[in-house]
Amino acid sequence: MSQATNTQTIPLWKQRFFTPFVISAQPARANAARGLAITTQAGGQGQLFAWNPTTGALRQATDAAHGMWEGWIDPRGRHIYYHLDPDGSEMGHLVRVPFDGGEVEDVTPAQPPYTLRGVGFSSDGHWLALNPVSRAGFQLVVARLTEDGALGEPRIIFTSEHEAWYALLSHDGSRAAMISTARAGGQRRYSTIVIDTASGEIVAELWDGPEASVEAVCFAPLPGDLRLLATTSRSGFVRPLIWDTASGAHIDFDLPELGGEVMALDWSPDGRFLLLCQIDRAEQQLYLLEIASGRLQRIPHASGTYYNPFTGGSCFGAGGELLALRENSTTPAHLVQLDPDSGEVVRVVLAGGDALPGRPWRSVHFPSSDGTLVQGWLATPEGDGPFPTVVEMHGGPHFATTDSYSPLSQAWLDHGFAWLSVNFRGSTTFGRAFKEQIWGDVGHWEVEDVVAGRAWLVEQGIAQADKVFLIGGSYGGFLTLLLLGKTPDLWAGGMAIAAVADEALSYEDANDALKAAVAGWFGGAPDQVPDRYRRASPLAYAEQVQAPVIIFQGHNDTRTPPRQMQIYVDKMRSLGKQIEIEWYDAGHGVGTQEIIAFLEKMLAFAQRRL
């Protein structure tokens, strides 16, 4: 197993990377003494832990070389499940290991390698479902679990050429729910479909029209109850609903008193309450909703982040207690039980590390070129500005930066740089129009928004105009390279991690799950809309780049494949541009030690420019 790192002899900015934090925590709903915790207890690296929610005891269950950031536990706590891809390519198999430890078992040994878009269990603990994606399409696979947890023969019951995500099961496993882009022709406006797990037949579908997206969250936790908790963006902003998949009736919770978007996080074990999270102008607030009466109860908790679109975050415990996974820019994520009436912490359920000194973020807004207000998170170092500044862009693109613990930002702040993370057009939680404006026009509004953020920083006296750097990973890395080429005179340098430089070539080599998403964003494959792919490719603007760039790219990445990046680097070098590239033997994600090594090179890169 990984060994904890002695942090006492390393600089503060490095110590923060080894401060433990909780990525997610899943109580086993039918076994209060068992759960799955994903934390960075193992030397700063995310790993899966068998967890006892009553005592807090943890036992490490994985030791993945580049970390493990996602996993599942069945309702009775018999096994821990995770996607095993040893080389980091995201192509592998779902495997499981007994809660108390033991041999790793392949759940689908007959399947070719696949990416994974969902794992679920029936509340009675008798069924498993998973959503593998390969050249065969987007599939739903189900398998019977015996009383002692033995695994039955997996069956493929559904296949689609269009994106179909999730693997949600009803209490008895007779129904499964997925979200599908088939109604929208492959664009990410989903309907929710319900599949009979015995026959594979689609027996129900909830679609809110061509502009909206209906996304399933979970089935009711009660025997015989086929209601499904979901959300809809019919109004332009996400709101929760409950759909009776048997009768077709649904109850919409419009919640006009709440601004922004309202995400549905969980359904209480007794079936009485929903846990909701309002996100308004990037600020988060938890609520309880009593289903029968429609009564909304605000939980007066401290500010911070309580919901993450990838991990979910806050949830109900096995006994119905409110478990909040919370963090902010200076406090690592930790799991606490909250009193729903007072918002006070009842107990720390799963601790993170002690907060080290850091600079707080604050939410700011600035107008883009078309007048649209764009939100970002700003932090400044000690002293008076203007400062050299780093502008960060998140991955996705359909994601949003929240008030979260970021050792990366704090490292730049320690070294005297201001920091701005921009939630550009395409980001989630700012409404449907804001998210979808980039569709069919990738790389346009995102660039406008980041350029507007830079102008605002200079106007406010925060940034030195000739010392503004770009940084981003994944989609943020793509935007870094695109901005360097399309607006070359604005930047002192760019730092890109796991980036796309040629959209068409990247599409050719990407995994099948990503191909479907990219085609949706662009409005077709490269052979259908070639001009859109060319306009959005940093390679097309290589001749215009003026600032130096440093890139970090993985040999095994199937999201941002290596071939297209090597072609970009060769082109830049042939033009005499200042470019460095560091290749690493992993996929789209890397471990803590690699991130620190990257950051050391980026800090040195920026210092040379100063």
# chains A, B, ... in the order shown; residues from 1 in each chain; ligands from 1

call {"tool": "residues_around", "arguments": {"residues": "A:Trp456", "least_positions_apart": "5", "cutoff": "9 Å", "atoms": "only C-alpha atoms", "output": "number ranges by chain"}}
result
A: 366-367, 451, 461-463

call {"tool": "residues_around", "arguments": {"residues": "A:Leu490", "least_positions_apart": "4", "cutoff": "12 Å", "atoms": "only C-alpha atoms", "output": "VMD selection string"}}
result
chain A and resid 391 447 450 to 455 458 463 to 470 480 483 to 486 494 545 to 547

call {"tool": "select_by_dssp", "arguments": {"residues": "stretch 286-529 of chain A", "states": "alpha helix (DSSP H)", "output": "PDB file with N, CA, C and O atoms, in the first residue's frame"}}
result
ATOM      1  N   PRO A 407      -4.775  23.348  -3.923  1.00  0.00           N
ATOM      2  CA  PRO A 407      -3.343  23.559  -3.691  1.00  0.00           C
ATOM      3  C   PRO A 407      -2.645  24.214  -4.877  1.00  0.00           C
ATOM      4  O   PRO A 407      -1.670  24.946  -4.702  1.00  0.00           O
ATOM      5  N   LEU A 408      -3.145  23.964  -6.089  1.00  0.00           N
ATOM      6  CA  LEU A 408      -2.551  24.573  -7.279  1.00  0.00           C
ATOM      7  C   LEU A 408      -2.638  26.091  -7.210  1.00  0.00           C
ATOM      8  O   LEU A 408      -1.642  26.805  -7.419  1.00  0.00           O
ATOM      9  N   SER A 409      -3.822  26.611  -6.908  1.00  0.00           N
ATOM     10  CA  SER A 409      -3.966  28.070  -6.848  1.00  0.00           C
ATOM     11  C   SER A 409      -3.131  28.654  -5.719  1.00  0.00           C
ATOM     12  O   SER A 409      -2.495  29.703  -5.880  1.00  0.00           O
ATOM     13  N   GLN A 410      -3.126  27.969  -4.580  1.00  0.00           N
ATOM     14  CA  GLN A 410      -2.378  28.494  -3.432  1.00  0.00           C
ATOM     15  C   GLN A 410      -0.875  28.529  -3.707  1.00  0.00           C
ATOM     16  O   GLN A 410      -0.158  29.409  -3.200  1.00  0.00           O
ATOM     17  N   ALA A 411      -0.388  27.589  -4.507  1.00  0.00           N
ATOM     18  CA  ALA A 411       1.037  27.607  -4.856  1.00  0.00           C
ATOM     19  C   ALA A 411       1.387  28.871  -5.631  1.00  0.00           C
ATOM     20  O   ALA A 411       2.412  29.519  -5.372  1.00  0.00           O
ATOM     21  N   TRP A 412       0.539  29.238  -6.592  1.00  0.00           N
ATOM     22  CA  TRP A 412       0.794  30.473  -7.340  1.00  0.00           C
ATOM     23  C   TRP A 412       0.680  31.701  -6.441  1.00  0.00           C
ATOM     24  O   TRP A 412       1.478  32.642  -6.556  1.00  0.00           O
ATOM     25  N   LEU A 413      -0.287  31.697  -5.540  1.00  0.00           N
ATOM     26  CA  LEU A 413      -0.451  32.815  -4.612  1.00  0.00           C
ATOM     27  C   LEU A 413       0.762  32.942  -3.697  1.00  0.00           C
ATOM     28  O   LEU A 413       1.226  34.053  -3.415  1.00  0.00           O
ATOM     29  N   ASP A 414       1.292  31.815  -3.239  1.00  0.00           N
ATOM     30  CA  ASP A 414       2.506  31.833  -2.406  1.00  0.00           C
ATOM     31  C   ASP A 414       3.672  32.486  -3.131  1.00  0.00           C
ATOM     32  O   ASP A 414       4.550  33.085  -2.500  1.00  0.00           O
ATOM     33  N   ARG A 432     -29.321  27.056 -18.878  1.00  0.00           N
ATOM     34  CA  ARG A 432     -29.184  26.295 -20.117  1.00  0.00           C
ATOM     35  C   ARG A 432     -28.569  27.135 -21.237  1.00  0.00           C
ATOM     36  O   ARG A 432     -27.695  26.672 -21.980  1.00  0.00           O
ATOM     37  N   ALA A 433     -28.989  28.387 -21.390  1.00  0.00           N
ATOM     38  CA  ALA A 433     -28.483  29.216 -22.483  1.00  0.00           C
ATOM     39  C   ALA A 433     -26.981  29.450 -22.357  1.00  0.00           C
ATOM     40  O   ALA A 433     -26.242  29.415 -23.351  1.00  0.00           O
ATOM     41  N   PHE A 434     -26.522  29.682 -21.143  1.00  0.00           N
ATOM     42  CA  PHE A 434     -25.098  29.918 -20.893  1.00  0.00           C
ATOM     43  C   PHE A 434     -24.288  28.670 -21.247  1.00  0.00           C
ATOM     44  O   PHE A 434     -23.243  28.749 -21.886  1.00  0.00           O
ATOM     45  N   LYS A 435     -24.800  27.511 -20.835  1.00  0.00           N
ATOM     46  CA  LYS A 435     -24.106  26.241 -21.094  1.00  0.00           C
ATOM     47  C   LYS A 435     -24.059  25.906 -22.575  1.00  0.00           C
ATOM     48  O   LYS A 435     -23.026  25.480 -23.107  1.00  0.00           O
ATOM     49  N   GLU A 436     -25.170  26.100 -23.280  1.00  0.00           N
ATOM     50  CA  GLU A 436     -25.290  25.612 -24.651  1.00  0.00           C
ATOM     51  C   GLU A 436     -24.838  26.607 -25.711  1.00  0.00           C
ATOM     52  O   GLU A 436     -24.787  26.265 -26.890  1.00  0.00           O
ATOM     53  N   TRP A 445     -17.047  31.722 -27.729  1.00  0.00           N
ATOM     54  CA  TRP A 445     -17.454  32.469 -26.541  1.00  0.00           C
ATOM     55  C   TRP A 445     -16.554  32.199 -25.347  1.00  0.00           C
ATOM     56  O   TRP A 445     -16.351  33.088 -24.497  1.00  0.00           O
ATOM     57  N   GLU A 446     -15.985  31.019 -25.289  1.00  0.00           N
ATOM     58  CA  GLU A 446     -15.044  30.743 -24.204  1.00  0.00           C
ATOM     59  C   GLU A 446     -13.863  31.713 -24.268  1.00  0.00           C
ATOM     60  O   GLU A 446     -13.420  32.272 -23.255  1.00  0.00           O
ATOM     61  N   VAL A 447     -13.341  31.912 -25.477  1.00  0.00           N
ATOM     62  CA  VAL A 447     -12.227  32.844 -25.669  1.00  0.00           C
ATOM     63  C   VAL A 447     -12.649  34.268 -25.308  1.00  0.00           C
ATOM     64  O   VAL A 447     -11.917  34.996 -24.613  1.00  0.00           O
ATOM     65  N   GLU A 448     -13.828  34.687 -25.772  1.00  0.00           N
ATOM     66  CA  GLU A 448     -14.316  36.028 -25.452  1.00  0.00           C
ATOM     67  C   GLU A 448     -14.388  36.241 -23.942  1.00  0.00           C
ATOM     68  O   GLU A 448     -14.024  37.309 -23.422  1.00  0.00           O
ATOM     69  N   ASP A 449     -14.859  35.231 -23.223  1.00  0.00           N
ATOM     70  CA  ASP A 449     -15.040  35.370 -21.772  1.00  0.00           C
ATOM     71  C   ASP A 449     -13.710  35.461 -21.035  1.00  0.00           C
ATOM     72  O   ASP A 449     -13.559  36.251 -20.094  1.00  0.00           O
ATOM     73  N   VAL A 450     -12.742  34.666 -21.442  1.00  0.00           N
ATOM     74  CA  VAL A 450     -11.429  34.703 -20.775  1.00  0.00           C
ATOM     75  C   VAL A 450     -10.724  36.021 -21.079  1.00  0.00           C
ATOM     76  O   VAL A 450     -10.105  36.630 -20.192  1.00  0.00           O
ATOM     77  N   VAL A 451     -10.813  36.486 -22.318  1.00  0.00           N
ATOM     78  CA  VAL A 451     -10.210  37.783 -22.674  1.00  0.00           C
ATOM     79  C   VAL A 451     -10.863  38.898 -21.855  1.00  0.00           C
ATOM     80  O   VAL A 451     -10.177  39.825 -21.381  1.00  0.00           O
ATOM     81  N   ALA A 452     -12.182  38.816 -21.665  1.00  0.00           N
ATOM     82  CA  ALA A 452     -12.868  39.825 -20.846  1.00  0.00           C
ATOM     83  C   ALA A 452     -12.396  39.764 -19.407  1.00  0.00           C
ATOM     84  O   ALA A 452     -12.262  40.806 -18.739  1.00  0.00           O
ATOM     85  N   GLY A 453     -12.142  38.564 -18.893  1.00  0.00           N
ATOM     86  CA  GLY A 453     -11.613  38.433 -17.538  1.00  0.00           C
ATOM     87  C   GLY A 453     -10.254  39.076 -17.392  1.00  0.00           C
ATOM     88  O   GLY A 453      -9.972  39.747 -16.388  1.00  0.00           O
ATOM     89  N   ARG A 454      -9.406  38.894 -18.396  1.00  0.00           N
ATOM     90  CA  ARG A 454      -8.085  39.528 -18.358  1.00  0.00           C
ATOM     91  C   ARG A 454      -8.220  41.053 -18.361  1.00  0.00           C
ATOM     92  O   ARG A 454      -7.550  41.744 -17.585  1.00  0.00           O
ATOM     93  N   ALA A 455      -9.089  41.588 -19.234  1.00  0.00           N
ATOM     94  CA  ALA A 455      -9.277  43.038 -19.300  1.00  0.00           C
ATOM     95  C   ALA A 455      -9.769  43.580 -17.964  1.00  0.00           C
ATOM     96  O   ALA A 455      -9.310  44.640 -17.502  1.00  0.00           O
ATOM     97  N   TRP A 456     -10.677  42.852 -17.327  1.00  0.00           N
ATOM     98  CA  TRP A 456     -11.197  43.285 -16.031  1.00  0.00           C
ATOM     99  C   TRP A 456     -10.093  43.302 -14.981  1.00  0.00           C
ATOM    100  O   TRP A 456     -10.001  44.240 -14.170  1.00  0.00           O
ATOM    101  N   LEU A 457      -9.246  42.293 -14.982  1.00  0.00           N
ATOM    102  CA  LEU A 457      -8.138  42.235 -14.024  1.00  0.00           C
ATOM    103  C   LEU A 457      -7.204  43.439 -14.177  1.00  0.00           C
ATOM    104  O   LEU A 457      -6.751  44.028 -13.182  1.00  0.00           O
ATOM    105  N   VAL A 458      -6.928  43.815 -15.420  1.00  0.00           N
ATOM    106  CA  VAL A 458      -6.040  44.955 -15.662  1.00  0.00           C
ATOM    107  C   VAL A 458      -6.726  46.252 -15.258  1.00  0.00           C
ATOM    108  O   VAL A 458      -6.128  47.123 -14.602  1.00  0.00           O
ATOM    109  N   GLU A 459      -7.998  46.398 -15.637  1.00  0.00           N
ATOM    110  CA  GLU A 459      -8.747  47.618 -15.290  1.00  0.00           C
ATOM    111  C   GLU A 459      -8.853  47.817 -13.787  1.00  0.00           C
ATOM    112  O   GLU A 459      -8.820  48.950 -13.293  1.00  0.00           O
ATOM    113  N   TYR A 475     -10.086  20.417 -21.200  1.00  0.00           N
ATOM    114  CA  TYR A 475     -10.687  21.489 -22.000  1.00  0.00           C
ATOM    115  C   TYR A 475     -10.016  22.825 -21.685  1.00  0.00           C
ATOM    116  O   TYR A 475      -9.863  23.678 -22.573  1.00  0.00           O
ATOM    117  N   GLY A 476      -9.588  23.017 -20.439  1.00  0.00           N
ATOM    118  CA  GLY A 476      -8.855  24.228 -20.088  1.00  0.00           C
ATOM    119  C   GLY A 476      -7.505  24.301 -20.766  1.00  0.00           C
ATOM    120  O   GLY A 476      -7.018  25.382 -21.100  1.00  0.00           O
ATOM    121  N   GLY A 477      -6.876  23.133 -20.986  1.00  0.00           N
ATOM    122  CA  GLY A 477      -5.621  23.106 -21.738  1.00  0.00           C
ATOM    123  C   GLY A 477      -5.838  23.454 -23.196  1.00  0.00           C
ATOM    124  O   GLY A 477      -5.046  24.185 -23.808  1.00  0.00           O
ATOM    125  N   PHE A 478      -6.926  22.933 -23.765  1.00  0.00           N
ATOM    126  CA  PHE A 478      -7.309  23.292 -25.129  1.00  0.00           C
ATOM    127  C   PHE A 478      -7.508  24.803 -25.252  1.00  0.00           C
ATOM    128  O   PHE A 478      -7.001  25.441 -26.183  1.00  0.00           O
ATOM    129  N   LEU A 479      -8.239  25.402 -24.289  1.00  0.00           N
ATOM    130  CA  LEU A 479      -8.466  26.847 -24.349  1.00  0.00           C
ATOM    131  C   LEU A 479      -7.168  27.632 -24.180  1.00  0.00           C
ATOM    132  O   LEU A 479      -6.991  28.695 -24.783  1.00  0.00           O
ATOM    133  N   THR A 480      -6.255  27.121 -23.370  1.00  0.00           N
ATOM    134  CA  THR A 480      -4.958  27.774 -23.214  1.00  0.00           C
ATOM    135  C   THR A 480      -4.259  27.905 -24.567  1.00  0.00           C
ATOM    136  O   THR A 480      -3.800  28.985 -24.957  1.00  0.00           O
ATOM    137  N   LEU A 481      -4.177  26.807 -25.304  1.00  0.00           N
ATOM    138  CA  LEU A 481      -3.511  26.838 -26.609  1.00  0.00           C
ATOM    139  C   LEU A 481      -4.284  27.679 -27.606  1.00  0.00           C
ATOM    140  O   LEU A 481      -3.684  28.393 -28.430  1.00  0.00           O
ATOM    141  N   LEU A 482      -5.611  27.613 -27.557  1.00  0.00           N
ATOM    142  CA  LEU A 482      -6.430  28.383 -28.494  1.00  0.00           C
ATOM    143  C   LEU A 482      -6.277  29.885 -28.247  1.00  0.00           C
ATOM    144  O   LEU A 482      -6.138  30.673 -29.199  1.00  0.00           O
ATOM    145  N   LEU A 483      -6.279  30.297 -26.990  1.00  0.00           N
ATOM    146  CA  LEU A 483      -6.121  31.713 -26.655  1.00  0.00           C
ATOM    147  C   LEU A 483      -4.745  32.234 -27.073  1.00  0.00           C
ATOM    148  O   LEU A 483      -4.613  33.373 -27.540  1.00  0.00           O
ATOM    149  N   LEU A 484      -3.711  31.413 -26.907  1.00  0.00           N
ATOM    150  CA  LEU A 484      -2.370  31.834 -27.317  1.00  0.00           C
ATOM    151  C   LEU A 484      -2.311  32.112 -28.810  1.00  0.00           C
ATOM    152  O   LEU A 484      -1.578  33.007 -29.257  1.00  0.00           O
ATOM    153  N   GLY A 485      -3.098  31.366 -29.602  1.00  0.00           N
ATOM    154  CA  GLY A 485      -3.085  31.561 -31.042  1.00  0.00           C
ATOM    155  C   GLY A 485      -4.047  32.622 -31.533  1.00  0.00           C
ATOM    156  O   GLY A 485      -3.728  33.372 -32.462  1.00  0.00           O
ATOM    157  N   LYS A 486      -5.230  32.712 -30.926  1.00  0.00           N
ATOM    158  CA  LYS A 486      -6.246  33.655 -31.411  1.00  0.00           C
ATOM    159  C   LYS A 486      -6.066  35.058 -30.857  1.00  0.00           C
ATOM    160  O   LYS A 486      -6.495  36.031 -31.481  1.00  0.00           O
ATOM    161  N   GLU A 503      -8.620  19.337 -33.224  1.00  0.00           N
ATOM    162  CA  GLU A 503      -9.891  18.711 -32.859  1.00  0.00           C
ATOM    163  C   GLU A 503     -10.225  17.505 -33.736  1.00  0.00           C
ATOM    164  O   GLU A 503     -10.747  16.500 -33.252  1.00  0.00           O
ATOM    165  N   ALA A 504      -9.961  17.584 -35.021  1.00  0.00           N
ATOM    166  CA  ALA A 504     -10.306  16.482 -35.913  1.00  0.00           C
ATOM    167  C   ALA A 504      -9.443  15.252 -35.640  1.00  0.00           C
ATOM    168  O   ALA A 504      -9.948  14.124 -35.555  1.00  0.00           O
ATOM    169  N   LEU A 505      -8.143  15.436 -35.481  1.00  0.00           N
ATOM    170  CA  LEU A 505      -7.263  14.314 -35.181  1.00  0.00           C
ATOM    171  C   LEU A 505      -7.567  13.729 -33.807  1.00  0.00           C
ATOM    172  O   LEU A 505      -7.517  12.510 -33.616  1.00  0.00           O
ATOM    173  N   SER A 506      -7.862  14.580 -32.865  1.00  0.00           N
ATOM    174  CA  SER A 506      -8.212  14.104 -31.532  1.00  0.00           C
ATOM    175  C   SER A 506      -9.464  13.235 -31.589  1.00  0.00           C
ATOM    176  O   SER A 506      -9.538  12.181 -30.946  1.00  0.00           O
ATOM    177  N   TYR A 507     -10.441  13.658 -32.378  1.00  0.00           N
ATOM    178  CA  TYR A 507     -11.665  12.882 -32.538  1.00  0.00           C
ATOM    179  C   TYR A 507     -11.351  11.495 -33.103  1.00  0.00           C
ATOM    180  O   TYR A 507     -11.899  10.488 -32.644  1.00  0.00           O
ATOM    181  N   GLU A 508     -10.471  11.426 -34.081  1.00  0.00           N
ATOM    182  CA  GLU A 508     -10.133  10.141 -34.695  1.00  0.00           C
ATOM    183  C   GLU A 508      -9.605   9.147 -33.669  1.00  0.00           C
ATOM    184  O   GLU A 508      -9.922   7.949 -33.728  1.00  0.00           O
ATOM    185  N   ASP A 509      -8.794   9.602 -32.727  1.00  0.00           N
ATOM    186  CA  ASP A 509      -8.095   8.700 -31.806  1.00  0.00           C
ATOM    187  C   ASP A 509      -8.782   8.554 -30.451  1.00  0.00           C
ATOM    188  O   ASP A 509      -8.363   7.726 -29.637  1.00  0.00           O
ATOM    189  N   ASP A 512     -14.616   5.944 -27.611  1.00  0.00           N
ATOM    190  CA  ASP A 512     -15.931   6.068 -28.245  1.00  0.00           C
ATOM    191  C   ASP A 512     -16.907   6.899 -27.417  1.00  0.00           C
ATOM    192  O   ASP A 512     -17.783   7.569 -27.980  1.00  0.00           O
ATOM    193  N   ALA A 513     -16.781   6.861 -26.103  1.00  0.00           N
ATOM    194  CA  ALA A 513     -17.664   7.675 -25.269  1.00  0.00           C
ATOM    195  C   ALA A 513     -17.451   9.155 -25.538  1.00  0.00           C
ATOM    196  O   ALA A 513     -18.399   9.935 -25.633  1.00  0.00           O
ATOM    197  N   LEU A 514     -16.191   9.556 -25.691  1.00  0.00           N
ATOM    198  CA  LEU A 514     -15.904  10.970 -25.920  1.00  0.00           C
ATOM    199  C   LEU A 514     -16.289  11.400 -27.335  1.00  0.00           C
ATOM    200  O   LEU A 514     -16.748  12.525 -27.541  1.00  0.00           O
ATOM    201  N   LYS A 515     -16.124  10.519 -28.300  1.00  0.00           N
ATOM    202  CA  LYS A 515     -16.495  10.868 -29.672  1.00  0.00           C
ATOM    203  C   LYS A 515     -17.949  11.324 -29.755  1.00  0.00           C
ATOM    204  O   LYS A 515     -18.279  12.295 -30.435  1.00  0.00           O
ATOM    205  N   ALA A 516     -18.830  10.606 -29.052  1.00  0.00           N
ATOM    206  CA  ALA A 516     -20.253  10.962 -29.094  1.00  0.00           C
ATOM    207  C   ALA A 516     -20.483  12.350 -28.507  1.00  0.00           C
ATOM    208  O   ALA A 516     -21.267  13.136 -29.037  1.00  0.00           O
ATOM    209  N   ALA A 517     -19.792  12.668 -27.415  1.00  0.00           N
ATOM    210  CA  ALA A 517     -19.958  13.981 -26.796  1.00  0.00           C
ATOM    211  C   ALA A 517     -19.440  15.085 -27.706  1.00  0.00           C
ATOM    212  O   ALA A 517     -20.100  16.119 -27.901  1.00  0.00           O
ATOM    213  N   VAL A 518     -18.266  14.876 -28.289  1.00  0.00           N
ATOM    214  CA  VAL A 518     -17.654  15.903 -29.149  1.00  0.00           C
ATOM    215  C   VAL A 518     -18.526  16.171 -30.371  1.00  0.00           C
ATOM    216  O   VAL A 518     -18.739  17.331 -30.765  1.00  0.00           O
ATOM    217  N   ALA A 519     -19.046  15.112 -30.974  1.00  0.00           N
ATOM    218  CA  ALA A 519     -19.924  15.296 -32.138  1.00  0.00           C
ATOM    219  C   ALA A 519     -21.152  16.109 -31.763  1.00  0.00           C
ATOM    220  O   ALA A 519     -21.649  16.920 -32.563  1.00  0.00           O
ATOM    221  N   GLY A 520     -21.647  15.917 -30.548  1.00  0.00           N
ATOM    222  CA  GLY A 520     -22.775  16.710 -30.082  1.00  0.00           C
ATOM    223  C   GLY A 520     -22.425  18.179 -29.922  1.00  0.00           C
ATOM    224  O   GLY A 520     -23.202  19.063 -30.322  1.00  0.00           O
ATOM    225  N   TRP A 521     -21.254  18.465 -29.371  1.00  0.00           N
ATOM    226  CA  TRP A 521     -20.848  19.864 -29.174  1.00  0.00           C
ATOM    227  C   TRP A 521     -20.621  20.579 -30.505  1.00  0.00           C
ATOM    228  O   TRP A 521     -20.955  21.751 -30.656  1.00  0.00           O
ATOM    229  N   PHE A 522     -20.036  19.864 -31.468  1.00  0.00           N
ATOM    230  CA  PHE A 522     -19.725  20.487 -32.753  1.00  0.00           C
ATOM    231  C   PHE A 522     -20.887  20.443 -33.730  1.00  0.00           C
ATOM    232  O   PHE A 522     -20.869  21.135 -34.735  1.00  0.00           O
TER     233      PHE A 522
END

call {"tool": "residues_around", "arguments": {"residues": "stretch 106-112 of chain A", "least_positions_apart": "4", "cutoff": "8 Å", "atoms": "only C-alpha atoms", "output": "VMD selection string"}}
result
chain A and resid 93 to 96 134 151 154

call {"tool": "select_by_dssp", "arguments": {"residues": "stretch 77-175 of chain A", "states": "strand (DSSP E or B)", "output": "ChimeraX atom specification"}}
result
/A:79-84,92-98,105-106,114-121,127-134,137-145,151,155-160,164-169,175

call {"tool": "closest_residue", "arguments": {"among": "A:Ala525, A:Ile38, A:Ala501, A:Ala351", "to": "A:Ala540", "atoms": "only C-alpha atoms"}}
result
A:Ala501

call {"tool": "residues_around", "arguments": {"residues": "stretch 329-333 of chain A", "least_positions_apart": "5", "cutoff": "6 Å", "atoms": "only C-alpha atoms", "output": "list in words"}}
result
Phe21, Val22, Gly352, Ala355, Gly358, Pro360, Trp361, Asp403, Ser404 and Tyr405 of chain A

call {"tool": "write_last_selection", "arguments": {"atoms": "all heavy atoms", "output": "CSV table (one decimal), in the first residue's frame"}}
result
chain,number,residue,atom,x,y,z
A,21,PHE,N,-7.8,15.0,2.0
A,21,PHE,CA,-9.2,15.5,1.8
A,21,PHE,C,-10.1,14.3,1.3
A,21,PHE,O,-9.6,13.3,0.8
A,21,PHE,CB,-9.3,16.7,0.9
A,21,PHE,CG,-8.9,16.4,-0.5
A,21,PHE,CD1,-9.8,16.0,-1.5
A,21,PHE,CD2,-7.5,16.5,-0.9
A,21,PHE,CE1,-9.4,15.7,-2.8
A,21,PHE,CE2,-7.2,16.2,-2.2
A,21,PHE,CZ,-8.1,15.9,-3.2
A,22,VAL,N,-11.4,14.5,1.5
A,22,VAL,CA,-12.4,13.5,1.2
A,22,VAL,C,-12.9,13.8,-0.2
A,22,VAL,O,-13.4,14.9,-0.5
A,22,VAL,CB,-13.5,13.4,2.2
A,22,VAL,CG1,-14.5,12.3,1.8
A,22,VAL,CG2,-13.0,13.2,3.6
A,352,GLY,N,-10.9,15.5,7.0
A,352,GLY,CA,-9.9,15.9,6.1
A,352,GLY,C,-8.6,16.3,6.9
A,352,GLY,O,-8.6,16.1,8.2
A,355,ALA,N,-6.3,22.5,7.9
A,355,ALA,CA,-6.1,23.5,6.9
A,355,ALA,C,-4.8,24.2,7.2
A,355,ALA,O,-4.5,24.6,8.3
A,355,ALA,CB,-7.3,24.5,7.0
A,358,GLY,N,-3.6,29.8,3.9
A,358,GLY,CA,-3.9,30.1,2.5
A,358,GLY,C,-4.6,31.3,2.3
A,358,GLY,O,-5.1,31.9,3.2
A,360,PRO,N,-7.9,33.2,0.8
A,360,PRO,CA,-9.3,32.9,0.4
A,360,PRO,C,-9.6,33.4,-1.0
A,360,PRO,O,-9.1,34.4,-1.5
A,360,PRO,CB,-10.2,33.6,1.4
A,360,PRO,CG,-9.3,34.7,1.9
A,360,PRO,CD,-7.9,34.3,1.8
A,361,TRP,N,-10.5,32.6,-1.7
A,361,TRP,CA,-11.1,33.1,-3.0
A,361,TRP,C,-12.3,33.9,-2.7
A,361,TRP,O,-13.0,33.8,-1.7
A,361,TRP,CB,-11.6,31.9,-3.8
A,361,TRP,CG,-10.5,31.0,-4.3
A,361,TRP,CD1,-9.2,31.0,-4.1
A,361,TRP,CD2,-10.7,29.8,-5.2
A,361,TRP,NE1,-8.5,30.0,-4.8
A,361,TRP,CE2,-9.5,29.2,-5.4
A,361,TRP,CE3,-11.9,29.2,-5.7
A,361,TRP,CZ2,-9.3,28.1,-6.2
A,361,TRP,CZ3,-11.7,28.1,-6.5
A,361,TRP,CH2,-10.5,27.5,-6.8
A,403,ASP,N,-16.2,27.1,-5.0
A,403,ASP,CA,-15.3,27.6,-3.9
A,403,ASP,C,-14.7,26.3,-3.3
A,403,ASP,O,-15.2,25.8,-2.3
A,403,ASP,CB,-16.1,28.4,-2.9
A,403,ASP,CG,-15.3,29.0,-1.7
A,403,ASP,OD1,-14.0,29.0,-1.9
A,403,ASP,OD2,-15.8,29.4,-0.7
A,404,SER,N,-13.6,25.9,-3.8
A,404,SER,CA,-13.0,24.6,-3.5
A,404,SER,C,-11.5,24.7,-3.1
A,404,SER,O,-10.8,25.6,-3.5
A,404,SER,CB,-13.2,23.6,-4.6
A,404,SER,OG,-12.7,24.1,-5.8
A,405,TYR,N,-11.1,23.7,-2.4
A,405,TYR,CA,-9.7,23.6,-1.9
A,405,TYR,C,-8.8,23.3,-3.1
A,405,TYR,O,-8.9,22.3,-3.8
A,405,TYR,CB,-9.6,22.6,-0.9
A,405,TYR,CG,-8.2,22.5,-0.2
A,405,TYR,CD1,-7.8,23.6,0.7
A,405,TYR,CD2,-7.3,21.5,-0.4
A,405,TYR,CE1,-6.6,23.5,1.3
A,405,TYR,CE2,-6.1,21.4,0.2
A,405,TYR,CZ,-5.7,22.4,1.1
A,405,TYR,OH,-4.5,22.4,1.7

call {"tool": "residues_around", "arguments": {"residues": "A:Ser342", "least_positions_apart": "3", "cutoff": "8 Å", "atoms": "only C-alpha atoms", "output": "ChimeraX atom specification"}}
result
/A:299-301,339

call {"tool": "atom_distance", "arguments": {"atom1": "atom CA of A:Pro132", "atom2": "atom CA of A:Tyr190"}}
result
18.2 Å
